[in-house]
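Asks: Provided herewith: model23.cif, mmCIF, C-alpha atoms and all ligand atoms.
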```cif
data_structure
loop_
_atom_site.group_PDB
_atom_site.id
_atom_site.type_symbol
_atom_site.label_atom_id
_atom_site.label_comp_id
_atom_site.auth_asym_id
_atom_site.auth_seq_id
_atom_site.Cartn_x
_atom_site.Cartn_y
_atom_site.Cartn_z
ATOM 1 C CA MET A 26 -7.896 8.784 -16.886
ATOM 2 C CA PHE A 27 -7.705 5.142 -17.952
ATOM 3 C CA GLY A 28 -4.555 3.125 -18.033
ATOM 4 C CA LEU A 29 -3.307 4.388 -14.653
ATOM 5 C CA PHE A 30 -2.793 0.820 -13.507
ATOM 6 C CA LYS A 31 -1.268 -0.515 -16.729
ATOM 7 C CA LYS A 32 2.232 -0.463 -15.256
ATOM 8 C CA ALA A 33 0.986 -2.191 -12.099
ATOM 9 C CA LEU A 34 -0.716 -4.877 -14.158
ATOM 10 C CA ASN A 35 1.907 -5.463 -16.860
ATOM 11 C CA LYS A 36 3.102 -8.803 -15.505
ATOM 12 C CA THR A 37 -0.434 -9.836 -14.559
ATOM 13 C CA LYS A 38 -1.514 -9.155 -18.135
ATOM 14 C CA GLU A 39 1.222 -11.480 -19.400
ATOM 15 C CA ALA A 40 -0.051 -14.183 -17.045
ATOM 16 C CA LEU A 41 -3.633 -13.657 -18.239
ATOM 17 C CA GLN A 42 -2.484 -13.920 -21.834
ATOM 18 C CA THR A 43 -1.027 -17.361 -21.228
ATOM 19 C CA VAL A 44 -4.643 -18.394 -20.645
ATOM 20 C CA VAL A 45 -6.632 -16.258 -23.107
ATOM 21 C CA GLY A 46 -4.096 -15.528 -25.859
ATOM 22 C CA THR A 47 -3.255 -12.097 -27.222
ATOM 23 C CA GLU A 48 -6.028 -11.279 -29.681
ATOM 24 C CA LYS A 49 -8.971 -9.011 -28.814
ATOM 25 C CA LYS A 50 -12.066 -10.810 -27.508
ATOM 26 C CA GLU A 51 -15.720 -9.749 -27.405
ATOM 27 C CA LYS A 52 -16.720 -12.606 -25.139
ATOM 28 C CA LEU A 53 -14.929 -15.235 -23.082
ATOM 29 C CA SER A 54 -16.219 -18.524 -21.719
ATOM 30 C CA LYS A 55 -16.694 -18.658 -17.997
ATOM 31 C CA GLU A 56 -14.248 -21.568 -17.709
ATOM 32 C CA ILE A 57 -11.525 -19.462 -19.289
ATOM 33 C CA ILE A 58 -12.378 -16.533 -17.017
ATOM 34 C CA GLU A 59 -12.168 -18.777 -13.974
ATOM 35 C CA GLU A 60 -8.750 -20.081 -15.019
ATOM 36 C CA ALA A 61 -7.433 -16.601 -15.847
ATOM 37 C CA LEU A 62 -8.554 -14.994 -12.570
ATOM 38 C CA LEU A 63 -6.960 -17.823 -10.588
ATOM 39 C CA GLU A 64 -3.791 -17.419 -12.666
ATOM 40 C CA ALA A 65 -3.739 -13.741 -11.596
ATOM 41 C CA ASP A 66 -3.864 -14.922 -7.961
ATOM 42 C CA MET A 67 -7.394 -13.824 -7.187
ATOM 43 C CA ASP A 68 -8.601 -15.729 -4.139
ATOM 44 C CA TYR A 69 -10.333 -19.041 -4.992
ATOM 45 C CA ASP A 70 -13.557 -18.378 -3.058
ATOM 46 C CA LEU A 71 -13.909 -14.988 -4.658
ATOM 47 C CA VAL A 72 -13.384 -16.405 -8.153
ATOM 48 C CA GLU A 73 -16.021 -19.072 -7.489
ATOM 49 C CA LYS A 74 -18.517 -16.456 -6.296
ATOM 50 C CA ILE A 75 -17.954 -14.316 -9.375
ATOM 51 C CA VAL A 76 -18.047 -17.207 -11.835
ATOM 52 C CA SER A 77 -21.212 -18.710 -10.330
ATOM 53 C CA LYS A 78 -23.150 -15.623 -11.458
ATOM 54 C CA LEU A 79 -21.916 -15.679 -15.041
ATOM 55 C CA PRO A 80 -23.585 -17.027 -18.194
ATOM 56 C CA ASP A 81 -21.556 -19.421 -20.402
ATOM 57 C CA GLU A 82 -20.259 -16.652 -22.666
ATOM 58 C CA VAL A 83 -19.334 -13.430 -20.890
ATOM 59 C CA SER A 84 -18.862 -9.908 -22.210
ATOM 60 C CA LYS A 85 -16.386 -7.488 -20.657
ATOM 61 C CA ASP A 86 -19.214 -5.319 -19.306
ATOM 62 C CA LYS A 87 -20.927 -8.211 -17.606
ATOM 63 C CA LEU A 88 -17.696 -9.372 -15.978
ATOM 64 C CA ARG A 89 -16.847 -5.817 -14.898
ATOM 65 C CA LYS A 90 -20.189 -5.560 -13.074
ATOM 66 C CA GLU A 91 -19.744 -8.891 -11.303
ATOM 67 C CA ILE A 92 -16.171 -8.168 -10.201
ATOM 68 C CA LEU A 93 -17.096 -4.704 -8.931
ATOM 69 C CA TRP A 94 -20.067 -6.172 -7.048
ATOM 70 C CA TYR A 95 -17.653 -8.315 -5.039
ATOM 71 C CA PHE A 96 -14.897 -5.720 -4.825
ATOM 72 C CA ASP A 97 -16.157 -4.370 -1.597
ATOM 73 C CA THR A 98 -13.649 -1.639 -0.824
ATOM 74 C CA PRO A 99 -14.498 2.045 -0.587
ATOM 75 C CA ASN A 100 -12.638 4.548 -2.770
ATOM 76 C CA ASN A 101 -11.250 6.558 0.121
ATOM 77 C CA LYS A 102 -9.109 9.543 -0.669
ATOM 78 C CA ILE A 103 -6.909 10.963 2.042
ATOM 79 C CA GLU A 104 -7.978 14.492 2.792
ATOM 80 C CA ILE A 105 -5.342 16.591 4.521
ATOM 81 C CA ASN A 106 -7.599 18.577 6.842
ATOM 82 C CA ASP A 107 -5.394 19.354 9.821
ATOM 83 C CA LYS A 108 -1.941 20.787 10.455
ATOM 84 C CA PRO A 109 0.257 18.989 11.087
ATOM 85 C CA TYR A 110 -1.361 15.912 9.567
ATOM 86 C CA VAL A 111 0.471 12.903 10.956
ATOM 87 C CA PHE A 112 0.932 9.568 9.189
ATOM 88 C CA LEU A 113 2.232 6.509 10.998
ATOM 89 C CA ILE A 114 3.601 3.998 8.512
ATOM 90 C CA ILE A 115 3.588 0.372 9.675
ATOM 91 C CA GLY A 116 4.312 -3.032 8.139
ATOM 92 C CA VAL A 117 6.884 -5.817 8.003
ATOM 93 C CA ASN A 118 10.504 -5.125 7.033
ATOM 94 C CA GLY A 119 11.110 -5.145 3.329
ATOM 95 C CA ALA A 120 7.470 -4.440 2.435
ATOM 96 C CA GLY A 121 8.528 -1.073 1.049
ATOM 97 C CA LYS A 122 7.852 1.291 3.961
ATOM 98 C CA THR A 123 10.878 3.525 3.461
ATOM 99 C CA THR A 124 10.425 3.839 -0.300
ATOM 100 C CA THR A 125 6.707 4.525 0.122
ATOM 101 C CA ILE A 126 7.391 7.252 2.709
ATOM 102 C CA ALA A 127 9.747 8.899 0.200
ATOM 103 C CA LYS A 128 7.105 8.647 -2.546
ATOM 104 C CA LEU A 129 4.446 10.173 -0.275
ATOM 105 C CA ALA A 130 6.803 12.987 0.767
ATOM 106 C CA HIS A 131 7.560 13.690 -2.892
ATOM 107 C CA LYS A 132 3.859 13.694 -3.817
ATOM 108 C CA PHE A 133 2.883 16.070 -1.000
ATOM 109 C CA LYS A 134 5.781 18.392 -1.822
ATOM 110 C CA LYS A 135 4.669 18.505 -5.453
ATOM 111 C CA GLU A 136 1.252 19.581 -4.158
ATOM 112 C CA GLY A 137 2.935 22.493 -2.395
ATOM 113 C CA LYS A 138 2.827 21.086 1.120
ATOM 114 C CA SER A 139 5.704 21.018 3.578
ATOM 115 C CA VAL A 140 6.784 17.640 4.928
ATOM 116 C CA ILE A 141 8.926 16.276 7.750
ATOM 117 C CA LEU A 142 10.053 12.660 8.210
ATOM 118 C CA GLY A 143 10.481 10.815 11.503
ATOM 119 C CA ALA A 144 12.905 7.861 11.583
ATOM 120 C CA ALA A 145 11.175 5.900 14.345
ATOM 121 C CA ASP A 146 12.477 2.555 13.081
ATOM 122 C CA THR A 147 15.408 2.763 15.477
ATOM 123 C CA PHE A 148 15.638 -1.022 15.624
ATOM 124 C CA ARG A 149 17.851 -1.206 12.534
ATOM 125 C CA ALA A 150 20.640 1.260 11.833
ATOM 126 C CA ALA A 151 20.195 0.713 8.090
ATOM 127 C CA ALA A 152 16.593 1.900 8.266
ATOM 128 C CA ILE A 153 17.663 5.268 9.727
ATOM 129 C CA GLU A 154 20.353 5.633 7.059
ATOM 130 C CA GLN A 155 17.983 4.699 4.261
ATOM 131 C CA LEU A 156 15.311 7.168 5.346
ATOM 132 C CA SER A 157 17.978 9.884 5.750
ATOM 133 C CA LYS A 158 19.085 9.311 2.145
ATOM 134 C CA TRP A 159 15.524 9.673 0.925
ATOM 135 C CA ALA A 160 15.077 12.853 3.010
ATOM 136 C CA GLU A 161 18.089 14.281 1.201
ATOM 137 C CA ILE A 162 16.826 13.256 -2.235
ATOM 138 C CA VAL A 163 13.311 14.600 -1.662
ATOM 139 C CA ASN A 164 14.786 17.564 0.196
ATOM 140 C CA VAL A 165 12.721 17.416 3.363
ATOM 141 C CA PRO A 166 13.841 17.623 7.011
ATOM 142 C CA ILE A 167 14.147 14.458 9.088
ATOM 143 C CA ILE A 168 14.143 13.817 12.826
ATOM 144 C CA LYS A 169 16.320 10.895 13.800
ATOM 145 C CA THR A 170 18.281 9.464 16.669
ATOM 146 C CA LYS A 171 20.863 6.773 17.215
ATOM 147 C CA HIS A 172 20.186 3.134 16.472
ATOM 148 C CA GLY A 173 18.494 1.520 19.497
ATOM 149 C CA HIS A 174 17.171 4.746 20.996
ATOM 150 C CA ASP A 175 13.529 5.248 21.906
ATOM 151 C CA PRO A 176 11.290 5.352 18.799
ATOM 152 C CA ALA A 177 8.496 7.032 20.777
ATOM 153 C CA ALA A 178 10.855 9.924 21.534
ATOM 154 C CA VAL A 179 11.584 10.317 17.800
ATOM 155 C CA THR A 180 7.850 10.336 17.145
ATOM 156 C CA TYR A 181 7.296 13.027 19.769
ATOM 157 C CA ASP A 182 10.133 15.167 18.444
ATOM 158 C CA THR A 183 8.938 14.844 14.845
ATOM 159 C CA ILE A 184 5.421 16.004 15.676
ATOM 160 C CA ALA A 185 6.657 18.745 18.033
ATOM 161 C CA SER A 186 8.989 19.998 15.310
ATOM 162 C CA ALA A 187 6.165 19.979 12.738
ATOM 163 C CA LYS A 188 4.024 22.025 15.126
ATOM 164 C CA ALA A 189 6.784 24.482 15.974
ATOM 165 C CA LYS A 190 7.777 25.046 12.335
ATOM 166 C CA GLY A 191 4.241 25.049 10.889
ATOM 167 C CA ILE A 192 4.910 21.971 8.744
ATOM 168 C CA ASP A 193 1.865 20.491 6.986
ATOM 169 C CA ILE A 194 2.630 16.781 7.062
ATOM 170 C CA ALA A 195 4.666 14.392 9.229
ATOM 171 C CA LEU A 196 5.468 10.906 7.931
ATOM 172 C CA ILE A 197 6.737 8.539 10.605
ATOM 173 C CA ASP A 198 8.539 5.276 9.830
ATOM 174 C CA THR A 199 8.299 2.406 12.322
ATOM 175 C CA ALA A 200 10.074 -0.896 12.906
ATOM 176 C CA GLY A 201 8.565 -3.927 11.222
ATOM 177 C CA ARG A 202 10.097 -6.662 13.274
ATOM 178 C CA LEU A 203 11.092 -6.639 16.925
ATOM 179 C CA HIS A 204 12.017 -9.661 18.992
ATOM 180 C CA ASN A 205 8.422 -10.853 19.108
ATOM 181 C CA LYS A 206 4.795 -9.851 18.656
ATOM 182 C CA ILE A 207 4.401 -8.527 22.212
ATOM 183 C CA ASN A 208 7.435 -6.245 21.779
ATOM 184 C CA LEU A 209 6.103 -4.977 18.491
ATOM 185 C CA GLN A 210 2.669 -4.368 19.983
ATOM 186 C CA ASN A 211 4.096 -2.547 23.018
ATOM 187 C CA GLU A 212 6.335 -0.383 20.866
ATOM 188 C CA LEU A 213 3.612 0.584 18.396
ATOM 189 C CA LYS A 214 1.131 1.316 21.206
ATOM 190 C CA LYS A 215 3.691 3.482 22.940
ATOM 191 C CA ILE A 216 4.367 5.353 19.688
ATOM 192 C CA VAL A 217 0.643 6.037 19.231
ATOM 193 C CA ASN A 218 0.230 7.203 22.847
ATOM 194 C CA VAL A 219 3.232 9.498 22.636
ATOM 195 C CA ALA A 220 2.046 10.855 19.268
ATOM 196 C CA LYS A 221 -1.210 11.840 20.998
ATOM 197 C CA LYS A 222 0.775 13.595 23.734
ATOM 198 C CA ALA A 223 2.625 15.600 21.117
ATOM 199 C CA TYR A 224 -0.617 16.462 19.330
ATOM 200 C CA GLU A 225 -4.015 15.200 20.453
ATOM 201 C CA ASN A 226 -5.290 14.512 16.886
ATOM 202 C CA ALA A 227 -2.252 12.445 15.929
ATOM 203 C CA PRO A 228 -1.774 10.026 14.308
ATOM 204 C CA HIS A 229 -4.376 11.033 11.727
ATOM 205 C CA LYS A 230 -3.739 7.963 9.609
ATOM 206 C CA VAL A 231 -2.087 4.665 10.433
ATOM 207 C CA ILE A 232 -1.140 3.150 7.090
ATOM 208 C CA LEU A 233 -0.224 -0.468 6.627
ATOM 209 C CA ILE A 234 2.251 -1.192 3.831
ATOM 210 C CA ILE A 235 1.711 -4.554 2.146
ATOM 211 C CA ASP A 236 4.062 -6.242 -0.309
ATOM 212 C CA GLY A 237 1.850 -7.156 -3.272
ATOM 213 C CA THR A 238 4.243 -9.864 -4.446
ATOM 214 C CA GLN A 239 3.881 -11.935 -1.277
ATOM 215 C CA GLY A 240 0.359 -13.316 -1.656
ATOM 216 C CA SER A 241 -1.360 -14.878 1.337
ATOM 217 C CA SER A 242 1.619 -14.718 3.724
ATOM 218 C CA ALA A 243 1.546 -10.899 3.411
ATOM 219 C CA ILE A 244 -2.157 -10.937 4.225
ATOM 220 C CA ASN A 245 -1.597 -12.965 7.374
ATOM 221 C CA GLN A 246 1.171 -10.614 8.525
ATOM 222 C CA ALA A 247 -1.037 -7.623 7.732
ATOM 223 C CA LYS A 248 -3.795 -9.112 9.867
ATOM 224 C CA VAL A 249 -1.381 -9.296 12.811
ATOM 225 C CA PHE A 250 -0.545 -5.596 12.438
ATOM 226 C CA LYS A 251 -4.212 -4.686 12.067
ATOM 227 C CA GLU A 252 -5.026 -6.680 15.186
ATOM 228 C CA ILE A 253 -2.298 -5.252 17.424
ATOM 229 C CA ILE A 254 -2.480 -1.602 16.465
ATOM 230 C CA GLY A 255 -5.356 -1.026 14.019
ATOM 231 C CA ALA A 256 -4.944 0.648 10.650
ATOM 232 C CA ASP A 257 -6.956 3.155 8.654
ATOM 233 C CA GLY A 258 -5.950 1.847 5.259
ATOM 234 C CA VAL A 259 -3.284 0.160 3.184
ATOM 235 C CA ILE A 260 -0.789 0.858 0.440
ATOM 236 C CA ILE A 261 0.086 -2.152 -1.708
ATOM 237 C CA THR A 262 3.660 -2.046 -3.058
ATOM 238 C CA LYS A 263 5.584 -3.749 -5.876
ATOM 239 C CA LEU A 264 2.557 -4.601 -8.004
ATOM 240 C CA ASP A 265 4.683 -3.855 -11.082
ATOM 241 C CA GLY A 266 6.946 -6.767 -10.150
ATOM 242 C CA THR A 267 4.315 -9.470 -9.913
ATOM 243 C CA ALA A 268 1.811 -11.414 -11.984
ATOM 244 C CA LYS A 269 -0.374 -11.569 -8.872
ATOM 245 C CA GLY A 270 -2.459 -8.465 -9.592
ATOM 246 C CA GLY A 271 -5.559 -10.326 -8.447
ATOM 247 C CA SER A 272 -4.164 -10.285 -4.901
ATOM 248 C CA VAL A 273 -5.439 -6.706 -4.618
ATOM 249 C CA PHE A 274 -8.988 -8.117 -4.438
ATOM 250 C CA THR A 275 -7.985 -10.651 -1.810
ATOM 251 C CA ILE A 276 -6.235 -8.014 0.301
ATOM 252 C CA ALA A 277 -9.289 -5.741 0.104
ATOM 253 C CA ASN A 278 -11.729 -8.498 0.969
ATOM 254 C CA GLU A 279 -9.702 -10.053 3.768
ATOM 255 C CA LEU A 280 -8.609 -6.881 5.525
ATOM 256 C CA ARG A 281 -11.693 -4.752 4.892
ATOM 257 C CA LEU A 282 -9.599 -1.608 4.748
ATOM 258 C CA PRO A 283 -9.450 1.086 2.080
ATOM 259 C CA ILE A 284 -6.575 0.880 -0.397
ATOM 260 C CA TYR A 285 -5.108 4.387 -0.659
ATOM 261 C CA TYR A 286 -2.268 3.903 -3.125
ATOM 262 C CA ILE A 287 -0.507 1.274 -5.209
ATOM 263 C CA GLY A 288 3.289 1.177 -5.641
ATOM 264 C CA VAL A 289 4.275 0.597 -9.254
ATOM 265 C CA GLY A 290 8.069 0.905 -9.221
ATOM 266 C CA GLU A 291 11.127 2.059 -7.307
ATOM 267 C CA LYS A 292 11.093 5.702 -8.446
ATOM 268 C CA LEU A 293 9.584 8.591 -6.530
ATOM 269 C CA ASP A 294 6.731 9.055 -8.974
ATOM 270 C CA ASP A 295 5.782 5.372 -8.947
ATOM 271 C CA LEU A 296 2.805 5.753 -6.623
ATOM 272 C CA VAL A 297 -0.730 5.724 -7.999
ATOM 273 C CA GLU A 298 -3.859 6.735 -6.115
ATOM 274 C CA PHE A 299 -6.135 3.716 -6.005
ATOM 275 C CA ASN A 300 -9.484 3.673 -7.750
ATOM 276 C CA LYS A 301 -11.320 0.375 -7.975
ATOM 277 C CA GLU A 302 -13.263 1.082 -11.168
ATOM 278 C CA GLU A 303 -10.111 2.024 -13.036
ATOM 279 C CA PHE A 304 -8.217 -0.906 -11.602
ATOM 280 C CA VAL A 305 -10.895 -3.363 -12.749
ATOM 281 C CA ASN A 306 -11.050 -1.679 -16.182
ATOM 282 C CA ASP A 307 -7.320 -2.094 -16.660
ATOM 283 C CA LEU A 308 -7.406 -5.700 -15.489
ATOM 284 C CA LEU A 309 -10.212 -6.480 -17.934
ATOM 285 C CA GLU A 310 -8.371 -4.758 -20.728
ATOM 286 C CA GLY A 311 -5.594 -7.255 -20.073
ATOM 287 C CA LEU A 312 -8.086 -10.127 -20.120
ATOM 288 C CA TYR A 313 -10.050 -9.131 -23.248
ATOM 289 C CA ASN A 314 -7.025 -7.524 -24.935
ATOM 290 C CA GLY A 315 -8.713 -4.218 -25.526
HETATM 291 N N1 LIG A 401 9.330 -2.716 -8.125
HETATM 292 C C1 LIG A 401 9.025 -2.094 -6.987
HETATM 293 N N2 LIG A 401 9.905 -2.116 -5.972
HETATM 294 C C2 LIG A 401 9.583 -1.473 -4.830
HETATM 295 C C3 LIG A 401 8.350 -0.792 -4.664
HETATM 296 N N3 LIG A 401 8.330 -0.276 -3.408
HETATM 297 C C4 LIG A 401 9.500 -0.628 -2.834
HETATM 298 N N4 LIG A 401 10.257 -1.343 -3.664
HETATM 299 C C5 LIG A 401 11.578 -1.952 -3.412
HETATM 300 O O1 LIG A 401 11.464 -2.895 -2.371
HETATM 301 C C6 LIG A 401 12.637 -2.935 -1.583
HETATM 302 C C7 LIG A 401 12.284 -2.768 -0.114
HETATM 303 O O2 LIG A 401 11.795 -1.479 0.077
HETATM 304 P P1 LIG A 401 12.094 -0.619 1.385
HETATM 305 O O3 LIG A 401 11.398 0.654 1.204
HETATM 306 O O4 LIG A 401 13.530 -0.641 1.692
HETATM 307 O O5 LIG A 401 11.328 -1.518 2.438
HETATM 308 P P2 LIG A 401 11.100 -1.292 3.976
HETATM 309 O O6 LIG A 401 9.787 -1.897 4.298
HETATM 310 O O7 LIG A 401 11.364 0.085 4.387
HETATM 311 O O8 LIG A 401 12.184 -2.235 4.493
HETATM 312 P P3 LIG A 401 13.157 -2.015 5.684
HETATM 313 O O9 LIG A 401 13.860 -0.721 5.449
HETATM 314 O O10 LIG A 401 14.014 -3.218 5.518
HETATM 315 O O11 LIG A 401 12.274 -2.043 6.861
HETATM 316 C C8 LIG A 401 13.535 -1.853 -2.153
HETATM 317 O O12 LIG A 401 14.470 -2.443 -3.022
HETATM 318 C C9 LIG A 401 12.580 -0.945 -2.933
HETATM 319 O O13 LIG A 401 13.200 -0.293 -3.996
HETATM 320 C C10 LIG A 401 7.416 -0.813 -5.778
HETATM 321 O O14 LIG A 401 6.302 -0.272 -5.730
HETATM 322 N N5 LIG A 401 7.831 -1.472 -6.908
#
```
Would you write the structure of this file as structure tokens?
Replies:
Amino acid sequence: MFGLFKKALNKTKEALQTVVGTEKKEKLSKEIIEEALLEADMDYDLVEKIVSKLPDEVSKDKLRKEILWYFDTPNNKIEINDKPYVFLIIGVNGAGKTTTIAKLAHKFKKEGKSVILGAADTFRAAAIEQLSKWAEIVNVPIIKTKHGHDPAAVTYDTIASAKAKGIDIALIDTAGRLHNKINLQNELKKIVNVAKKAYENAPHKVILIIDGTQGSSAINQAKVFKEIIGADGVIITKLDGTAKGGSVFTIANELRLPIYYIGVGEKLDDLVEFNKEEFVNDLLEGLYNG
């Protein structure tokens, strides 16, 4: 069970070790803990809250309890309880939407479910091509249209096709950047309305993809998406590529949304279901070196 987040926290561990060293520790001083958590990019206010409750010398267990106390995100698993179950994937360009859709498709297929993709990011030709390549690799059908065509129509066709063919899950990609915020808002709202026309329960989950390497700018962009369309939860990508593992706490606290998965690499299997206790355990293992 443990160690699931080791790959995600590899670089963060290295950053922590620049502060605490590499030998195993029973206790750490609260000053060192403060410095290490800030080094891992945990939000300053959060670090201050945690540290204010600590004695001078702190055991791993004590610190685990304090961090979990402030890590106020529910462990929400996605339960596929309808057919088709429709996911709308939103987020800025480059956050990892396309790769994450491929990883989700791969995961659901491994669980024996059928999947269809919808290429509703019609704003960029490359996005349609990229998703088509993934569909081929994962071996799932894809509904697509020409660059510039109506993304709501692609959404409708994807859901209608899932219904007609008895497909379990539809994963729909969306554009991350239009000409401006109003355009983006109008397009996403239209996609949601049309999804409901295709199937009244859709979309079952609107998932916001956040680039874990981007720090506070990613959080501000995520807030814009949450504000204009709403989201049920997030997936944080590229945690393997950053020493900012502490940003997971900031994202959870600022957005107040469940974290469903963490992206830990560019391969199809590099997607880990999030669990806050395990995540904190792995982070503390990095801090106390064991
Ligand atoms: N290391 C690492 N790289 C990732 C992860 N997820 C995505 N990437 C990489 O990040 C880059 C951007 O990912 P895309 O999936 O193309 O991002 P996107 O949001 O769909 O971007 P557009 O297609 O430009 O809208 C690619 O090079 C991916 O391989 C991850 O969890 N870890």
Asks: Rank nothing, just name the residue among A:Ala145, A:Ala220, A:Asp68, A:Asn164 nearest to Ile244 of chain A, using only C-alpha atoms.
Replies: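 Residue with the minimum atom-to-atom distance to Ile244 of chain A: A:Asp68.
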Asks: Determine the nearest neighbour of ligand LIG 401 (chain A) from the options A:Ser77, A:Thr124, A:Asn218, A:Ser272, counting all atoms listed in the file.
Replies: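 For ligand LIG 401 (chain A), the nearest of the given residues is A:Thr124.
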Asks: Could you check which of A:Leu53, A:Ala200, A:Met67, A:Leu209 is closest to Gly240 of chain A, using only C-alpha atoms?
Replies: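 With only C-alpha atoms as the atom set, the closest residue is A:Met67.
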Asks: In Å to one decimal, how far is atom CA of Ala187 of chain A from atom CA of Val111 of chain A?
Replies: 9.3 Å
Asks: Between atom O8 of ligand LIG 401 (chain A) and atom CA of Thr238 of chain A, what distance in Å does the model show, to one decimal?
Replies: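 Value for the atom O8 of ligand LIG 401 (chain A)-atom CA of Thr238 of chain A distance: 14.2 Å.
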Asks: Dump as JSON lines the rows for residues of chain A within 6 Å of ligand LIG 401 (chain A): closest atom pair and distance in Å with one decimal, only C-alpha atoms and all ligand atoms counted, ordered by chain and rising residue number.
Replies:
```
{"residue": "A:Asn118", "atom": "CA", "partner": "A:LIG401", "partner_atom": "O11", "distance": 3.6}
{"residue": "A:Gly119", "atom": "CA", "partner": "A:LIG401", "partner_atom": "O8", "distance": 3.3}
{"residue": "A:Ala120", "atom": "CA", "partner": "A:LIG401", "partner_atom": "O6", "distance": 3.9}
{"residue": "A:Gly121", "atom": "CA", "partner": "A:LIG401", "partner_atom": "O5", "distance": 3.2}
{"residue": "A:Lys122", "atom": "CA", "partner": "A:LIG401", "partner_atom": "O7", "distance": 3.7}
{"residue": "A:Thr123", "atom": "CA", "partner": "A:LIG401", "partner_atom": "O7", "distance": 3.6}
{"residue": "A:Thr124", "atom": "CA", "partner": "A:LIG401", "partner_atom": "O3", "distance": 3.7}
{"residue": "A:Ala152", "atom": "CA", "partner": "A:LIG401", "partner_atom": "O9", "distance": 4.7}
{"residue": "A:Thr262", "atom": "CA", "partner": "A:LIG401", "partner_atom": "O14", "distance": 4.2}
{"residue": "A:Lys263", "atom": "CA", "partner": "A:LIG401", "partner_atom": "N5", "distance": 3.4}
{"residue": "A:Asp265", "atom": "CA", "partner": "A:LIG401", "partner_atom": "N1", "distance": 5.6}
{"residue": "A:Gly266", "atom": "CA", "partner": "A:LIG401", "partner_atom": "N1", "distance": 5.1}
{"residue": "A:Gly288", "atom": "CA", "partner": "A:LIG401", "partner_atom": "O14", "distance": 3.3}
{"residue": "A:Val289", "atom": "CA", "partner": "A:LIG401", "partner_atom": "O14", "distance": 4.2}
{"residue": "A:Gly290", "atom": "CA", "partner": "A:LIG401", "partner_atom": "N5", "distance": 3.3}
{"residue": "A:Glu291", "atom": "CA", "partner": "A:LIG401", "partner_atom": "N2", "distance": 4.6}
```
Asks: For the provided coordinates, the residues matched by the PyMOL selection byres (((chain A and resi 171) around 12) and not hetatm) should be stated as a PyMOL selection string.
Replies: chain A and resi 144-154+168-170+172-176+178-179
Asks: Run the PyMOL selection byres (((chain A and resi 283) around 9) and not hetatm) on the file and write out the hits as number ranges by chain.
Replies: A: 98-102, 257-260, 277, 280-282, 284-285
Asks: Which residues, written as a short mmCIF file (atom, residue, chain, number, x, y, z; two decimals) with C-alpha atoms, in the coordinates of the input, have at least one atom at most 12 Å from Ile232 of chain A, with all atoms listed in the file counted and residues fewer than 3 positions away on the same chain left out?
Replies:
```cif
data_model
loop_
_atom_site.label_atom_id
_atom_site.label_comp_id
_atom_site.auth_asym_id
_atom_site.auth_seq_id
_atom_site.Cartn_x
_atom_site.Cartn_y
_atom_site.Cartn_z
CA ILE A 103 -6.91 10.96 2.04
CA VAL A 111 0.47 12.90 10.96
CA PHE A 112 0.93 9.57 9.19
CA LEU A 113 2.23 6.51 11.00
CA ILE A 114 3.60 4.00 8.51
CA ILE A 115 3.59 0.37 9.68
CA GLY A 116 4.31 -3.03 8.14
CA LYS A 122 7.85 1.29 3.96
CA THR A 125 6.71 4.53 0.12
CA ILE A 126 7.39 7.25 2.71
CA LEU A 129 4.45 10.17 -0.28
CA LEU A 196 5.47 10.91 7.93
CA ILE A 197 6.74 8.54 10.60
CA ASP A 198 8.54 5.28 9.83
CA THR A 199 8.30 2.41 12.32
CA PRO A 228 -1.77 10.03 14.31
CA HIS A 229 -4.38 11.03 11.73
CA ILE A 235 1.71 -4.55 2.15
CA ALA A 247 -1.04 -7.62 7.73
CA PHE A 250 -0.55 -5.60 12.44
CA LYS A 251 -4.21 -4.69 12.07
CA ILE A 254 -2.48 -1.60 16.46
CA GLY A 255 -5.36 -1.03 14.02
CA ALA A 256 -4.94 0.65 10.65
CA ASP A 257 -6.96 3.16 8.65
CA GLY A 258 -5.95 1.85 5.26
CA VAL A 259 -3.28 0.16 3.18
CA ILE A 260 -0.79 0.86 0.44
CA ILE A 261 0.09 -2.15 -1.71
CA LEU A 282 -9.60 -1.61 4.75
CA PRO A 283 -9.45 1.09 2.08
CA ILE A 284 -6.58 0.88 -0.40
CA TYR A 285 -5.11 4.39 -0.66
CA TYR A 286 -2.27 3.90 -3.12
#
```
Asks: What are the centre and the three edge lengths of an axis-aligned box that wraps all atoms of segment 186-199 of chain A in the file, given that 6 Å is added to every side, written as JSON and rounded to one decimal in Å?
Replies:
```
{"center_x": 5.4, "center_y": 13.7, "center_z": 11.5, "size_x": 19.1, "size_y": 34.6, "size_z": 21.0}
```
Asks: Give me the residues within 8 Å of Lys108 of chain A as a PyMOL selection string, counting all atoms listed in the file and dropping any in the same chain fewer than 2 places off.
Replies: chain A and resi 106+110+188+191-194
Asks: Using Å and a single decimal, report how far atom CA of Ala268 of chain A sits from atom CA of Val45 of chain A.
Replies: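 Interatomic distance, atom CA of Val45 of chain A to atom CA of Ala268 of chain A: 14.8 Å.
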